[in-house]
Structures are given as C-alpha cells and as structure tokens.
$ cat target.pdb   # PDB, C-alpha atoms and all ligand atoms
ATOM      1  CA  MET A   1      21.978 -23.949  -8.658
ATOM      2  CA  SER A   2      19.093 -21.657  -9.386
ATOM      3  CA  ILE A   3      16.640 -24.449 -10.279
ATOM      4  CA  SER A   4      17.616 -26.738  -7.442
ATOM      5  CA  ALA A   5      17.453 -23.764  -5.124
ATOM      6  CA  ALA A   6      13.841 -23.165  -6.007
ATOM      7  CA  SER A   7      12.828 -26.791  -5.894
ATOM      8  CA  SER A   8      14.576 -27.352  -2.585
ATOM      9  CA  LEU A   9      12.354 -24.838  -0.865
ATOM     10  CA  PRO A  10      10.104 -26.566   1.644
ATOM     11  CA  ASP A  11       6.424 -27.312   1.295
ATOM     12  CA  THR A  12       5.179 -24.218   3.040
ATOM     13  CA  ASP A  13       6.313 -22.101   0.141
ATOM     14  CA  THR A  14       4.815 -24.472  -2.406
ATOM     15  CA  LEU A  15       1.498 -23.970  -0.658
ATOM     16  CA  GLU A  16       1.850 -20.211  -0.995
ATOM     17  CA  VAL A  17       2.552 -20.527  -4.704
ATOM     18  CA  ASP A  18      -0.338 -22.951  -5.247
ATOM     19  CA  SER A  19      -2.781 -20.660  -3.564
ATOM     20  CA  ILE A  20      -2.006 -17.727  -5.864
ATOM     21  CA  VAL A  21      -2.032 -19.926  -8.977
ATOM     22  CA  GLY A  22      -5.497 -21.094  -7.956
ATOM     23  CA  LEU A  23      -6.701 -17.532  -7.572
ATOM     24  CA  SER A  24      -7.753 -17.171 -11.195
ATOM     25  CA  ASP A  25     -10.002 -20.220 -10.810
ATOM     26  CA  LEU A  26     -11.947 -18.604  -8.022
ATOM     27  CA  LYS A  27     -14.948 -16.463  -8.739
ATOM     28  CA  LEU A  28     -13.958 -12.857  -8.178
ATOM     29  CA  GLU A  29     -16.978 -12.280  -5.937
ATOM     30  CA  ASP A  30     -15.906 -15.142  -3.710
ATOM     31  CA  THR A  31     -12.435 -13.690  -3.334
ATOM     32  CA  VAL A  32     -13.817 -10.309  -2.337
ATOM     33  CA  LYS A  33     -16.479 -11.707  -0.059
ATOM     34  CA  ASN A  34     -14.393 -14.282   1.690
ATOM     35  CA  GLN A  35     -11.087 -12.524   2.056
ATOM     36  CA  LYS A  36     -11.428  -8.752   2.175
ATOM     37  CA  GLY A  37      -8.008  -7.221   1.798
ATOM     38  CA  TYR A  38      -6.491 -10.446   0.476
ATOM     39  CA  LEU A  39      -5.255  -8.907  -2.772
ATOM     40  CA  THR A  40      -3.893  -5.837  -0.975
ATOM     41  CA  GLU A  41      -2.015  -8.135   1.372
ATOM     42  CA  ARG A  42      -0.667 -10.195  -1.545
ATOM     43  CA  TRP A  43       0.382  -7.007  -3.282
ATOM     44  CA  ARG A  44       2.301  -5.797  -0.238
ATOM     45  CA  ASN A  45       3.793  -9.145   0.710
ATOM     46  CA  PRO A  46       4.025 -11.099  -2.529
ATOM     47  CA  ILE A  47       6.026 -13.941  -0.987
ATOM     48  CA  GLN A  48       7.164 -15.312   2.301
ATOM     49  CA  VAL A  49      10.357 -17.316   2.125
ATOM     50  CA  PRO A  50      10.738 -19.706   5.021
ATOM     51  CA  VAL A  51      14.210 -20.372   6.362
ATOM     52  CA  ASP A  52      15.158 -23.921   5.467
ATOM     53  CA  THR A  53      17.966 -24.964   7.784
ATOM     54  CA  LEU A  54      18.198 -28.492   6.330
ATOM     55  CA  ASN A  55      18.826 -27.387   2.757
ATOM     56  CA  PRO A  56      20.618 -24.059   2.983
ATOM     57  CA  ILE A  57      20.899 -22.300  -0.354
ATOM     58  CA  SER A  58      23.102 -19.444  -1.417
ATOM     59  CA  LYS A  59      21.915 -15.928  -0.779
ATOM     60  CA  ASP A  60      22.226 -15.107  -4.489
ATOM     61  CA  SER A  61      19.920 -17.944  -5.503
ATOM     62  CA  LEU A  62      17.451 -17.033  -2.840
ATOM     63  CA  ASP A  63      17.470 -13.377  -3.874
ATOM     64  CA  ARG A  64      16.886 -14.352  -7.484
ATOM     65  CA  PHE A  65      14.054 -16.653  -6.509
ATOM     66  CA  VAL A  66      12.473 -13.947  -4.366
ATOM     67  CA  ARG A  67      12.674 -11.404  -7.181
ATOM     68  CA  MET A  68      11.098 -13.759  -9.712
ATOM     69  CA  GLU A  69       8.376 -14.855  -7.350
ATOM     70  CA  ARG A  70       7.625 -11.292  -6.358
ATOM     71  CA  ARG A  71       7.200 -10.272  -9.983
ATOM     72  CA  ARG A  72       5.065 -13.303 -10.795
ATOM     73  CA  VAL A  73       2.719 -12.845  -7.841
ATOM     74  CA  ARG A  74       2.445  -9.105  -8.375
ATOM     75  CA  ASP A  75       1.583  -9.527 -12.064
ATOM     76  CA  SER A  76      -1.170 -11.922 -11.094
ATOM     77  CA  VAL A  77      -2.480  -9.682  -8.307
ATOM     78  CA  ARG A  78      -2.356  -6.621 -10.578
ATOM     79  CA  GLN A  79      -4.534  -8.403 -13.128
ATOM     80  CA  GLU A  80      -7.080  -9.242 -10.446
ATOM     81  CA  LEU A  81      -7.065  -5.707  -9.047
ATOM     82  CA  ASN A  82      -7.555  -4.220 -12.509
ATOM     83  CA  LYS A  83     -10.908  -5.999 -12.748
ATOM     84  CA  LEU A  84     -12.097  -4.398  -9.504
ATOM     85  CA  PRO A  85     -13.454  -0.906  -8.755
ATOM     86  CA  LYS A  86     -10.985   1.989  -8.607
ATOM     87  CA  HIS A  87     -11.285   4.972  -6.338
ATOM     88  CA  VAL A  88     -10.022   8.505  -6.662
ATOM     89  CA  TYR A  89     -10.036  11.071  -3.853
ATOM     90  CA  PHE A  90      -9.981  14.765  -4.712
ATOM     91  CA  THR A  91      -8.636  16.624  -1.671
ATOM     92  CA  PHE A  92      -8.384  20.410  -1.352
ATOM     93  CA  ASP A  93      -6.208  21.925   1.379
ATOM     94  CA  ASP A  94      -6.072  25.231   3.232
ATOM     95  CA  GLY A  95      -9.631  26.448   2.654
ATOM     96  CA  PRO A  96     -11.676  28.412   3.079
ATOM     97  CA  LEU A  97      -9.802  30.696   0.681
ATOM     98  CA  ILE A  98     -10.638  32.570  -2.491
ATOM     99  CA  GLY A  99     -11.312  29.641  -4.781
ATOM    100  CA  SER A 100     -13.391  27.621  -2.290
ATOM    101  CA  SER A 101     -16.773  28.768  -3.593
ATOM    102  CA  ALA A 102     -15.762  27.797  -7.138
ATOM    103  CA  ILE A 103     -14.683  24.345  -5.938
ATOM    104  CA  ASP A 104     -18.011  23.975  -4.166
ATOM    105  CA  SER A 105     -19.912  24.879  -7.342
ATOM    106  CA  ILE A 106     -17.843  22.564  -9.532
ATOM    107  CA  ALA A 107     -18.436  19.602  -7.172
ATOM    108  CA  LYS A 108     -22.173  20.241  -7.512
ATOM    109  CA  ALA A 109     -22.089  20.767 -11.272
ATOM    110  CA  LYS A 110     -20.112  17.559 -11.869
ATOM    111  CA  ASN A 111     -21.886  15.681  -9.091
ATOM    112  CA  ILE A 112     -18.683  14.328  -7.528
ATOM    113  CA  LYS A 113     -17.700  13.767  -3.912
ATOM    114  CA  ILE A 114     -14.793  15.901  -2.759
ATOM    115  CA  ASN A 115     -12.785  16.365   0.441
ATOM    116  CA  VAL A 116     -11.639  19.631   2.014
ATOM    117  CA  PHE A 117      -8.994  19.933   4.717
ATOM    118  CA  LEU A 118      -9.832  23.207   6.423
ATOM    119  CA  VAL A 119      -7.879  25.851   8.318
ATOM    120  CA  GLY A 120     -10.079  27.479  10.963
ATOM    121  CA  ARG A 121      -8.194  30.734  11.032
ATOM    122  CA  HIS A 122      -9.007  31.332   7.366
ATOM    123  CA  ALA A 123     -12.730  31.070   8.115
ATOM    124  CA  ASN A 124     -12.355  33.983  10.526
ATOM    125  CA  ILE A 125     -10.559  36.311   8.127
ATOM    126  CA  SER A 126     -13.683  37.707   6.454
ATOM    127  CA  LYS A 127     -17.437  37.371   6.128
ATOM    128  CA  ARG A 128     -16.963  36.073   2.631
ATOM    129  CA  LEU A 129     -14.708  33.209   3.717
ATOM    130  CA  LYS A 130     -17.038  32.392   6.605
ATOM    131  CA  ARG A 131     -19.856  32.124   4.056
ATOM    132  CA  ASP A 132     -17.717  29.948   1.765
ATOM    133  CA  PHE A 133     -16.967  27.633   4.686
ATOM    134  CA  GLN A 134     -20.712  27.404   5.361
ATOM    135  CA  ARG A 135     -21.304  26.509   1.714
ATOM    136  CA  TYR A 136     -18.901  23.594   2.098
ATOM    137  CA  LYS A 137     -20.732  22.465   5.223
ATOM    138  CA  ASP A 138     -24.119  22.656   3.526
ATOM    139  CA  ASN A 139     -22.999  20.715   0.442
ATOM    140  CA  ALA A 140     -23.608  16.979   0.844
ATOM    141  CA  LEU A 141     -20.941  16.294  -1.803
ATOM    142  CA  VAL A 142     -18.267  17.968   0.336
ATOM    143  CA  GLU A 143     -16.739  16.494   3.464
ATOM    144  CA  CYS A 144     -14.865  18.732   5.862
ATOM    145  CA  TYR A 145     -11.734  17.581   7.658
ATOM    146  CA  ASN A 146      -9.044  19.019   9.912
ATOM    147  CA  HIS A 147      -5.898  20.774   8.636
ATOM    148  CA  SER A 148      -5.154  22.610  11.942
ATOM    149  CA  TYR A 149      -6.354  26.009  13.094
ATOM    150  CA  THR A 150      -3.238  28.067  12.318
ATOM    151  CA  HIS A 151      -1.660  25.992   9.520
ATOM    152  CA  ALA A 152       1.414  25.997  11.759
ATOM    153  CA  GLY A 153       1.855  29.654  10.860
ATOM    154  CA  ASN A 154       3.774  28.092   7.954
ATOM    155  CA  ARG A 155       6.707  27.477  10.319
ATOM    156  CA  PHE A 156       6.438  23.734  10.329
ATOM    157  CA  THR A 157       9.551  22.596  12.185
ATOM    158  CA  THR A 158       8.854  25.037  15.026
ATOM    159  CA  PHE A 159       5.193  24.031  15.122
ATOM    160  CA  TYR A 160       5.951  20.306  15.340
ATOM    161  CA  SER A 161       8.771  20.752  17.861
ATOM    162  CA  ASN A 162       6.015  21.087  20.471
ATOM    163  CA  PRO A 163       3.619  18.179  19.836
ATOM    164  CA  VAL A 164       1.298  19.142  22.690
ATOM    165  CA  SER A 165       0.610  22.659  21.438
ATOM    166  CA  ALA A 166       0.413  21.342  17.875
ATOM    167  CA  TYR A 167      -2.158  18.779  19.004
ATOM    168  CA  GLU A 168      -4.150  21.522  20.715
ATOM    169  CA  ASP A 169      -4.150  23.511  17.488
ATOM    170  CA  PHE A 170      -5.953  20.636  15.737
ATOM    171  CA  GLU A 171      -8.336  20.337  18.688
ATOM    172  CA  LYS A 172      -9.149  24.040  18.497
ATOM    173  CA  ASN A 173      -9.828  23.690  14.780
ATOM    174  CA  GLU A 174     -12.189  20.788  15.387
ATOM    175  CA  LEU A 175     -14.163  22.752  17.985
ATOM    176  CA  ASP A 176     -14.158  26.014  16.063
ATOM    177  CA  LEU A 177     -15.354  24.500  12.786
ATOM    178  CA  GLU A 178     -17.516  21.884  14.511
ATOM    179  CA  LEU A 179     -15.861  19.103  12.533
ATOM    180  CA  THR A 180     -17.522  15.737  12.948
ATOM    181  CA  HIS A 181     -14.841  13.431  11.516
ATOM    182  CA  LYS A 182     -11.607  12.647  13.342
ATOM    183  CA  ILE A 183      -9.651  12.940  10.115
ATOM    184  CA  VAL A 184      -6.535  15.063   9.824
ATOM    185  CA  ARG A 185      -3.949  16.106   7.283
ATOM    186  CA  LEU A 186      -0.810  17.653   8.715
ATOM    187  CA  PRO A 187       0.260  21.015   7.271
ATOM    188  CA  GLY A 188       3.559  20.721   5.417
ATOM    189  CA  ARG A 189       3.880  16.967   5.944
ATOM    190  CA  ASN A 190       2.897  13.930   3.899
ATOM    191  CA  ILE A 191       2.227  11.627   6.839
ATOM    192  CA  TRP A 192      -0.147   8.663   6.913
ATOM    193  CA  ILE A 193      -1.268   6.856  10.060
ATOM    194  CA  TYR A 194      -4.415   4.723   9.914
ATOM    195  CA  ASP A 195      -5.389   1.074  10.415
ATOM    196  CA  ASP A 196      -2.169  -0.926   9.941
ATOM    197  CA  VAL A 197      -0.281   1.831   8.109
ATOM    198  CA  ARG A 198       2.242   4.284   9.526
ATOM    199  CA  ARG A 199       4.299   6.229   6.988
ATOM    200  CA  ILE A 200       6.302   9.308   7.920
ATOM    201  CA  ASP A 201       7.956  11.596   5.367
ATOM    202  CA  LEU A 202       9.779  13.920   7.752
ATOM    203  CA  LYS A 203      10.581  12.975  11.305
ATOM    204  CA  SER A 204       9.504  16.380  12.543
ATOM    205  CA  GLY A 205       5.742  15.955  12.697
ATOM    206  CA  ALA A 206       5.817  12.262  13.664
ATOM    207  CA  SER A 207       5.218  12.865  17.399
ATOM    208  CA  THR A 208       2.251  15.127  16.689
ATOM    209  CA  ALA A 209       0.825  12.586  14.261
ATOM    210  CA  ASP A 210       1.285   9.748  16.762
ATOM    211  CA  MET A 211      -0.423  11.789  19.469
ATOM    212  CA  LEU A 212      -3.354  12.474  17.151
ATOM    213  CA  TYR A 213      -3.601   8.817  16.216
ATOM    214  CA  THR A 214      -3.478   7.721  19.869
ATOM    215  CA  ASN A 215      -6.412  10.036  20.507
ATOM    216  CA  GLY A 216      -8.580   8.529  17.816
ATOM    217  CA  TYR A 217      -7.620  10.520  14.709
ATOM    218  CA  LYS A 218      -6.643   9.109  11.341
ATOM    219  CA  ILE A 219      -3.949  10.973   9.450
ATOM    220  CA  TYR A 220      -3.895  11.002   5.650
ATOM    221  CA  GLY A 221      -1.301  12.257   3.166
ATOM    222  CA  TRP A 222      -1.521  12.165  -0.626
ATOM    223  CA  ASP A 223      -0.233  10.199  -3.620
ATOM    224  CA  VAL A 224      -0.225  12.869  -6.325
ATOM    225  CA  GLU A 225      -0.047  16.650  -6.040
ATOM    226  CA  TRP A 226      -1.302  19.112  -8.631
ATOM    227  CA  ARG A 227      -0.058  22.697  -8.634
ATOM    228  CA  ILE A 228      -1.529  25.727 -10.400
ATOM    229  CA  HIS A 229      -0.444  29.339  -9.888
ATOM    230  CA  GLY A 230      -3.443  30.826  -8.087
ATOM    231  CA  ALA A 231      -3.505  34.331  -9.497
ATOM    232  CA  SER A 232      -2.698  33.526 -13.143
ATOM    233  CA  GLY A 233      -4.298  30.080 -13.329
ATOM    234  CA  ILE A 234      -1.214  28.800 -15.122
ATOM    235  CA  PRO A 235      -0.698  25.154 -14.198
ATOM    236  CA  VAL A 236       2.699  23.824 -13.162
ATOM    237  CA  GLN A 237       1.457  20.482 -14.478
ATOM    238  CA  PRO A 238      -1.024  20.630 -17.398
ATOM    239  CA  VAL A 239      -4.284  18.687 -17.037
ATOM    240  CA  ASN A 240      -3.009  15.932 -19.282
ATOM    241  CA  GLU A 241       0.110  15.404 -17.209
ATOM    242  CA  ILE A 242      -1.770  15.184 -13.917
ATOM    243  CA  TYR A 243      -4.355  12.882 -15.485
ATOM    244  CA  THR A 244      -1.577  10.596 -16.744
ATOM    245  CA  ARG A 245       0.039  10.532 -13.319
ATOM    246  CA  ILE A 246      -3.235   9.522 -11.647
ATOM    247  CA  ARG A 247      -3.711   6.800 -14.262
ATOM    248  CA  ASN A 248      -0.169   5.519 -13.811
ATOM    249  CA  TYR A 249      -0.595   5.303 -10.046
ATOM    250  CA  MET A 250      -3.844   3.427 -10.570
ATOM    251  CA  ASP A 251      -2.468   1.072 -13.239
ATOM    252  CA  ASN A 252       0.885   0.390 -11.582
ATOM    253  CA  LYS A 253      -0.667   0.043  -8.117
ATOM    254  CA  SER A 254       1.977   2.466  -6.885
ATOM    255  CA  SER A 255      -0.311   4.534  -4.650
ATOM    256  CA  MET A 256      -0.305   4.044  -0.879
ATOM    257  CA  GLU A 257      -3.211   1.618  -1.317
ATOM    258  CA  PRO A 258      -3.670  -0.194  -4.644
ATOM    259  CA  ASN A 259      -6.793   0.938  -6.572
ATOM    260  CA  ASN A 260      -7.040   4.082  -4.367
ATOM    261  CA  VAL A 261      -5.388   7.325  -5.513
ATOM    262  CA  VAL A 262      -5.407  10.503  -3.411
ATOM    263  CA  LEU A 263      -4.911  13.777  -5.285
ATOM    264  CA  LEU A 264      -3.794  16.893  -3.389
ATOM    265  CA  MET A 265      -4.788  20.368  -4.539
ATOM    266  CA  HIS A 266      -5.136  23.713  -2.772
ATOM    267  CA  ASP A 267      -8.227  25.918  -2.694
ATOM    268  CA  ASP A 268      -6.368  29.028  -3.843
ATOM    269  CA  MET A 269      -5.416  27.293  -7.113
ATOM    270  CA  PHE A 270      -8.968  27.850  -8.317
ATOM    271  CA  GLN A 271      -9.469  31.563  -7.751
ATOM    272  CA  SER A 272      -9.228  32.395 -11.467
ATOM    273  CA  LYS A 273     -11.589  31.326 -14.260
ATOM    274  CA  LYS A 274      -8.652  29.631 -15.944
ATOM    275  CA  GLY A 275      -7.861  27.509 -12.910
ATOM    276  CA  GLN A 276     -11.535  26.591 -12.540
ATOM    277  CA  GLN A 277     -11.686  25.471 -16.172
ATOM    278  CA  LEU A 278      -8.673  23.231 -15.632
ATOM    279  CA  LEU A 279     -10.315  21.563 -12.633
ATOM    280  CA  SER A 280     -13.511  20.998 -14.628
ATOM    281  CA  SER A 281     -11.479  19.630 -17.490
ATOM    282  CA  LEU A 282      -9.612  17.148 -15.251
ATOM    283  CA  ILE A 283     -12.912  15.897 -13.817
ATOM    284  CA  ASP A 284     -14.405  15.602 -17.325
ATOM    285  CA  THR A 285     -11.399  13.632 -18.535
ATOM    286  CA  ILE A 286     -11.618  11.200 -15.626
ATOM    287  CA  GLN A 287     -15.383  10.826 -16.003
ATOM    288  CA  THR A 288     -15.274  10.198 -19.749
ATOM    289  CA  THR A 289     -12.216   7.949 -20.004
ATOM    290  CA  THR A 290     -12.177   5.923 -16.771
ATOM    291  CA  ASP A 291     -14.560   4.128 -14.447
ATOM    292  CA  TYR A 292     -12.951   5.641 -11.333
ATOM    293  CA  LYS A 293     -15.328   6.502  -8.503
ATOM    294  CA  PHE A 294     -14.920   9.811  -6.679
ATOM    295  CA  GLU A 295     -14.862   9.047  -2.965
ATOM    296  CA  PHE A 296     -14.783  10.546   0.506
ATOM    297  CA  ILE A 297     -11.598  10.109   2.507
ATOM    298  CA  ARG A 298     -13.673   8.794   5.401
ATOM    299  CA  ASP A 299     -14.195   5.651   3.265
ATOM    300  CA  TYR A 300     -10.475   5.284   2.485
ATOM    301  CA  PRO A 301      -9.145   2.761   1.683
ATOM    302  CA  PHE A 302     -11.213   0.308  -0.342
ATOM    303  CA  ARG A 303      -9.323  -2.955  -0.001
ATOM    304  CA  TYR A 304      -9.840  -6.080  -2.073
TER     305      TYR A 304
HETATM  306 ZN    ZN B   1      -1.818  23.104   3.909
END

$ encode --input "target.pdb" --output "structure tokens"
Amino acid sequence: MSISAASSLPDTDTLEVDSIVGLSDLKLEDTVKNQKGYLTERWRNPIQVPVDTLNPISKDSLDRFVRMERRRVRDSVRQELNKLPKHVYFTFDDGPLIGSSAIDSIAKAKNIKINVFLVGRHANISKRLKRDFQRYKDNALVECYNHSYTHAGNRFTTFYSNPVSAYEDFEKNELDLELTHKIVRLPGRNIWIYDDVRRIDLKSGASTADMLYTNGYKIYGWDVEWRIHGASGIPVQPVNEIYTRIRNYMDNKSSMEPNNVVLLMHDDMFQSKKGQQLLSSLIDTIQTTTDYKFEFIRDYPFRY
C-alpha cells in the first residue's frame, strides 16, 4: 500500500517534488536573487499534501509518506543552506552593569558587532554605569535596544499582568535612553514577534508583547543561553560546550531561523577577568574555526 499510496498522490504534489529536485541544478545566486526566503520557507514547510478525495489513502500510508518526504526535502534544503552565509548574534542583557565596559572593550578589540538590551534604571544607579552606557552608545560596533526601564522589578508575572503599565515601562526606557530602534527583548520571557513569526514561551507576557508589536516594535528572544557566575567567573557551561551548542544549532538548522543563531548572555557575567577571558576565547574560537558573521539584531533574520 505504501508505494501505491505515494504514486496515487495527484499531480500538484509531483510538481512540488520536481521543483525541489531541480533545485540543485539552479545556480545558487539565482535561487537567492529570485526567491528570497525560498529555502527558509522550504525548511519550515517541507511538503504540502493535497487532499485527494478520488483516491483516498490510509492515514498510516499518508503519515509515512509525509515523514519520508519531509526528511528528503529537509536534507536537500540543509545542504543548500550550508553553502550560504551563517550569522551569529551576540546579545547582552540587563546592562549597563559592572561588566559592560569590558564587553565594550572586547567588541572593539575583536572588531565584532554586538547587541545590548538595556535597562534604563541601571544607567541611573551611578556615574560609572552612566558612563558605561555612554560608551556603548559611542561604540559603532554596539547597538542598543530596549529591555524595559525597571526589568519588571524581577516580578515578571505581576509586571505582565498589567500590559498597559508594562508597555509604558518600555516606552519610558526608550525615551530615557534615547533608543533609536524599536527593538525589544522582554525581561524573563523568551518571546519572539516579528515579520511572520509569533512564538510565545509563557502566556504571561503575550499581551504586552502583542501591544508592543502593534505599536511598531519587534520582539526578539534567543536560541542559546550562556551562563557564567558573575563574581567568580566560573562558567555554568564551559566555552567548548557553548561553542558546540551554537555550531549544532547552525548545522542542524534548529534555531528560530535557519543559518541565524542568537546567543543570550548577561552583562554581569563579565565583571571578572576570568569571565572576560572566556568571552574572548569564545569569540576567538568562532573566528578561527567558522565563517560565521557577527551581526546586529536589527538585520535579523537573513533569509535565503
Ligand atoms: Zn533581563
């Protein structure tokens, strides 16, 4: 039944299959130029199975066919994507904090673009943190984004239970820090809303995120998180482990967007020399063993 099931599928599906088989014949440049986002779309929706009312087939056969097709198309798309540029986004949350000035210096020393999601209240704690915030602003390799003014006071469920006041907290942050990009990361939530994507990790926070999006903001979460104990500089995940995770996300296309991996860190992880060395070492490893490009979140995602 399995073979006849596949062959009894109508022409529309045959067309789909033909088009992906023909992909390897196309010049890569043509694919990119002519159909931006085509591979991303094929990765997300490897097959469309039309309902054939004339030749109904069993659900089991159909499921098997779908699984096989999905694997076949994805293998082909993965191969194509692997030939294309790959993008990594280093994002640092909660600054300015002790650690921010070191991050700023490392970005300059390594000449990489980085992204900081800032908390306005922290900039008003001390002269030193105000100065560190200014250093971020003055560094062309650093882009500043919105992580709310109060960081929800670290009481996230309460904060998000009132979407209007939560929204106003982001607005205040934007005004206070004179942020120029309408780009937000929600404190305590891994929520993504941009373009055609809406992914919510915890329901609490969704209304605030939707309100931000309706008012022109894009909301970005993260694919991989790295943790280091701030004071001691002892990493929860060693450099090698976090590097391997980034690579796996890139190779398996398991990040939110294939060929784009967003790494989350926090500014206070890099207050000690040890922590700073680990950050430098991760950047060195990526720069010497991969061709990944360090990017700004404002350019996210690169779709092929
Ligand atoms: Zn945070």

$ residues_near_point --input "target.pdb" --point "(5.2, 17.6, 23.9)" --cutoff "12 Å" --atoms "all atoms listed in the file" --output "list in words"
Phe159, Tyr160, Ser161, Asn162, Pro163, Val164, Ser165, Ala166, Tyr167, Glu168, Gly205, Ala206, Ser207, Thr208, Ala209, Asp210 and Met211 of chain A

$ residues_near_ligand --input "target.pdb" --ligand "ligand ZN 1 (chain B)" --cutoff "7 Å" --atoms "all atoms listed in the file" --output "PyMOL selection string"
chain A and resi 93-94+147+151+187-188

$ resolve_selection --input "target.pdb" --expression "the PyMOL selection byres (((chain A and resi 132) around 12) and not hetatm)" --output "VMD selection string"
chain A and resid 95 to 105 116 118 122 to 131 133 to 139 267

$ closest_residue --input "target.pdb" --among "A:Ile242, A:Tyr149, A:Tyr249, A:Phe170" --to "A:Arg227" --atoms "only C-alpha atoms"
A:Ile242

$ residues_near_point --input "target.pdb" --point "(-2.4, 3.6, -7.0)" --cutoff "10 Å" --atoms "only C-alpha atoms" --output "compact mmCIF listing (two decimals) with C-alpha atoms, in the frame of the given file"
# COMPACT_ATOMS: atom_id res chain seq x y z
CA LYS A 86 -10.98 1.99 -8.61
CA HIS A 87 -11.28 4.97 -6.34
CA VAL A 88 -10.02 8.51 -6.66
CA ASP A 223 -0.23 10.20 -3.62
CA VAL A 224 -0.22 12.87 -6.32
CA ARG A 245 0.04 10.53 -13.32
CA ILE A 246 -3.24 9.52 -11.65
CA ARG A 247 -3.71 6.80 -14.26
CA ASN A 248 -0.17 5.52 -13.81
CA TYR A 249 -0.60 5.30 -10.05
CA MET A 250 -3.84 3.43 -10.57
CA ASP A 251 -2.47 1.07 -13.24
CA ASN A 252 0.88 0.39 -11.58
CA LYS A 253 -0.67 0.04 -8.12
CA SER A 254 1.98 2.47 -6.88
CA SER A 255 -0.31 4.53 -4.65
CA MET A 256 -0.30 4.04 -0.88
CA GLU A 257 -3.21 1.62 -1.32
CA PRO A 258 -3.67 -0.19 -4.64
CA ASN A 259 -6.79 0.94 -6.57
CA ASN A 260 -7.04 4.08 -4.37
CA VAL A 261 -5.39 7.32 -5.51
CA VAL A 262 -5.41 10.50 -3.41

$ resolve_selection --input "target.pdb" --expression "the PyMOL selection byres (((chain A and resi 142) around 7) and not hetatm)" --output "VMD selection string"
chain A and resid 113 to 115 136 139 to 141 143 to 144

$ resolve_selection --input "target.pdb" --expression "the PyMOL selection byres (((chain A and resi 269-281) around 6) and not hetatm)" --output "MDAnalysis selection string"
chainID A and resid 98:99 228 230 233 266:268 282:284

$ atom_distance --input "target.pdb" --atom1 "atom CA of A:Leu177" --atom2 "atom CA of A:Trp226"
26.2 Å

$ residues_around --input "target.pdb" --residues "A:Tyr220" --least-positions-apart "2" --cutoff "8 Å" --atoms "only C-alpha atoms" --output "PyMOL selection string"
chain A and resi 183-186+190-194+218+222

$ atom_distance --input "target.pdb" --atom1 "atom CA of A:Thr158" --atom2 "atom CA of A:Val197"
25.9 Å

$ residues_around --input "target.pdb" --residues "A:Val66" --least-positions-apart "6" --cutoff "10 Å" --atoms "all atoms listed in the file" --output "ChimeraX atom specification"
/A:6,46-49,60,72

$ write_last_selection --input "target.pdb" --atoms "C-alpha atoms" --output "PDB file, in the frame of the given file"
ATOM      1  CA  ALA A   6      13.841 -23.165  -6.007  1.00  0.00           C
ATOM      2  CA  PRO A  46       4.025 -11.099  -2.529  1.00  0.00           C
ATOM      3  CA  ILE A  47       6.026 -13.941  -0.987  1.00  0.00           C
ATOM      4  CA  GLN A  48       7.164 -15.312   2.301  1.00  0.00           C
ATOM      5  CA  VAL A  49      10.357 -17.316   2.125  1.00  0.00           C
ATOM      6  CA  ASP A  60      22.226 -15.107  -4.489  1.00  0.00           C
ATOM      7  CA  ARG A  72       5.065 -13.303 -10.795  1.00  0.00           C
TER       8      ARG A  72
END

$ closest_residue --input "target.pdb" --among "A:Arg298, A:Lys293, A:Arg303, A:Lys203" --to "A:Lys182" --atoms "only C-alpha atoms"
A:Arg298

$ closest_residue --input "target.pdb" --among "A:Glu241, A:Glu41, A:Asp201, A:Glu171" --to "A:Gly216" --atoms "only C-alpha atoms"
A:Glu171

$ atom_distance --input "target.pdb" --atom1 "atom CA of A:Asn146" --atom2 "atom CA of A:Asn111"
23.2 Å
